[in-house]
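Worksheet: the structure to be examined is printed underneath.
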Amino acid sequence: MATRILPAVGDPDAVRSLTSLLGQLPDAEPVTPVADSTQLVDTLARLAAESVDELPEVVIVHERIGPVPALELIREVALRFPAVGVILVTSDPGPGLFQAAMDYGARGLVALPLGYEELASRVQAVAQWSAGVRRHLGSAVDVFTGTGGTVVTVSGAKGGVGTTLTAIQLALAAQASGRSTALLDMDLQSGDVASYLDVRFRRSVADLAAITDLSPRVLADAVFRHDSGLALLLAPGEGERGEEVTDRAARQVVGALRSRYEVVVVDCGAQLGAAGAAAVETADTALLVTTPDVLAVRGAKRAVRMWDRLQIRKAEETTVVVNRHTRGTEIQPPLIQRITGTAIAATTVPANFKELQGAVDAGRVHELDARSTVKQALWALAGELGLAGVPEGGRKGHGRLRGDRGARGDRGARGTAGFRRRKDGAG
């Protein structure tokens, strides 16, 4: 039987060299190469949606593939398509990289410049492994066949603008609409999701930070299943442990949640760290919550400019949500949009803390009265974002927001790398 081989190579010269050699391999059936990480994942997802048998046995990833770094891409392929064997092509085939590649899920490593004998040997071994996995697991092969769940990050222009409440209600709306939903608290030093939902927990996102092989079972052990149906992955109870969650760990956790849930809502808080920056960078939709006052709007503008400088996210790819809105305030959404240069959510959240106070003080915001105008607005916002339908009796949104990204942000680690350089004083 022919071995289907899918090369993922961005460099034209490397593509020609690799396809030429692959064409000489016995019983090889090279597939049209893909040029970047996004094309590779989308191609595999499309094939898997038809049948696991349609997937190639071997995927060859070049070390300079982008925008997602090669090792991160290998991890995603191994997690979502476990019956596909991945080979890394690299100019540095040392023991350190070999061990790292194996840890990330690669099945082999081939050195540059490419040689026929080494490539043929490695392809044959990986193809046999892939065939064995499919034969023994059969229909039980666990493959996430969609393009990945929707990831929405919620950040605050400053503290106290309603970031956590917004994130929780968006997640509750998505869950209530019948979509499997995870809520990730990435406000690592001062996360309050557990307090808002009256949760006592033992494991947190920090417990996953040092794990290189984040399997579904390991993820399930760390997730808390709330009475509302939400899957909660909470911030550590000890704020100092937040430093354990690096940008790489954040990418891994968000990617694992994306592969298991239809909607992932991430509460990033108001303080930007490397982990939060990684979440914002890879999100499908990045929300920035502000209130219509001078200090908060200045904070929103400052955050948007910082995200742009660090190449985390462009202003036009960010959506501002106006909380505690009243018709009488001098600062209205169109003015905020002009000041920040972002998209603006058509749904505004009214100022009515009296509705919230009892539920917030009791840590039961999931039991907020359906007649609450604040809840109705936030659930309408979920409908505007495409996360859920508008709740019965709630007010409707005003159409799709402008400026959100149509596809998820496979943009690599440029932004978080920039964050680390500035944090360390090296850039």
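Labeling convention for the structure tokens: chains A, B, ... as they appear, residues from 1 per chain, ligands from 1 in order of appearance.
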Closest contacts (stretch 351-392 of chain A/stretch 286-297 of chain A, max 12 Å, only C-alpha atoms) as a tab-separated table:
residue	atom	partner	partner_atom	distance
A:Ala351	CA	A:Thr291	CA	9.4
A:Leu378	CA	A:Val289	CA	11.8
A:Leu381	CA	A:Leu287	CA	10.9
A:Ala382	CA	A:Leu287	CA	11.5
A:Leu385	CA	A:Leu287	CA	10.1
Residues of the last selection are to be written out with N, CA and C atoms, as a compact mmCIF listing (two decimals), in the first residue's frame.
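result21.txt was written with the following content:
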# COMPACT_ATOMS: atom_id res chain seq x y z
N ALA A 351 -25.21 50.16 33.19
CA ALA A 351 -24.73 50.35 34.56
C ALA A 351 -25.88 50.05 35.51
N LEU A 378 -25.10 40.95 28.39
CA LEU A 378 -23.92 40.11 28.20
C LEU A 378 -24.24 38.87 27.37
N LEU A 381 -24.41 40.00 23.92
CA LEU A 381 -23.05 40.13 23.41
C LEU A 381 -22.52 38.78 22.95
N ALA A 382 -22.82 37.72 23.71
CA ALA A 382 -22.42 36.38 23.29
C ALA A 382 -23.04 36.03 21.95
N LEU A 385 -21.20 37.84 19.19
CA LEU A 385 -19.90 37.23 18.90
C LEU A 385 -20.03 35.87 18.24
Exercise. Hey, what's within 10 Å of A:Pro26 if we count only C-alpha atoms and toss same-chain stuff fewer than 3 positions away? As a list in words, please?
Worked result: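 Near neighbours after the sequence-gap exclusion: Ala2, Thr3, Leu22, Gly23, Glu29, Ala120 and Gln124 of chain A.
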Problem set entry | Coordinates-based distance that separates atom CA of A:Ile87 from atom CA of A:Glu118 (Å, one decimal) | 11.8 Å
Problem set entry | Atomic separation - atom CA of A:Val254 relative to atom CA of A:Gly105, Å | 17.4 Å
Problem set entry | Between atom CA of A:Thr285 and atom CA of A:Val266 - distance in Å to one decimal | 10.5 Å
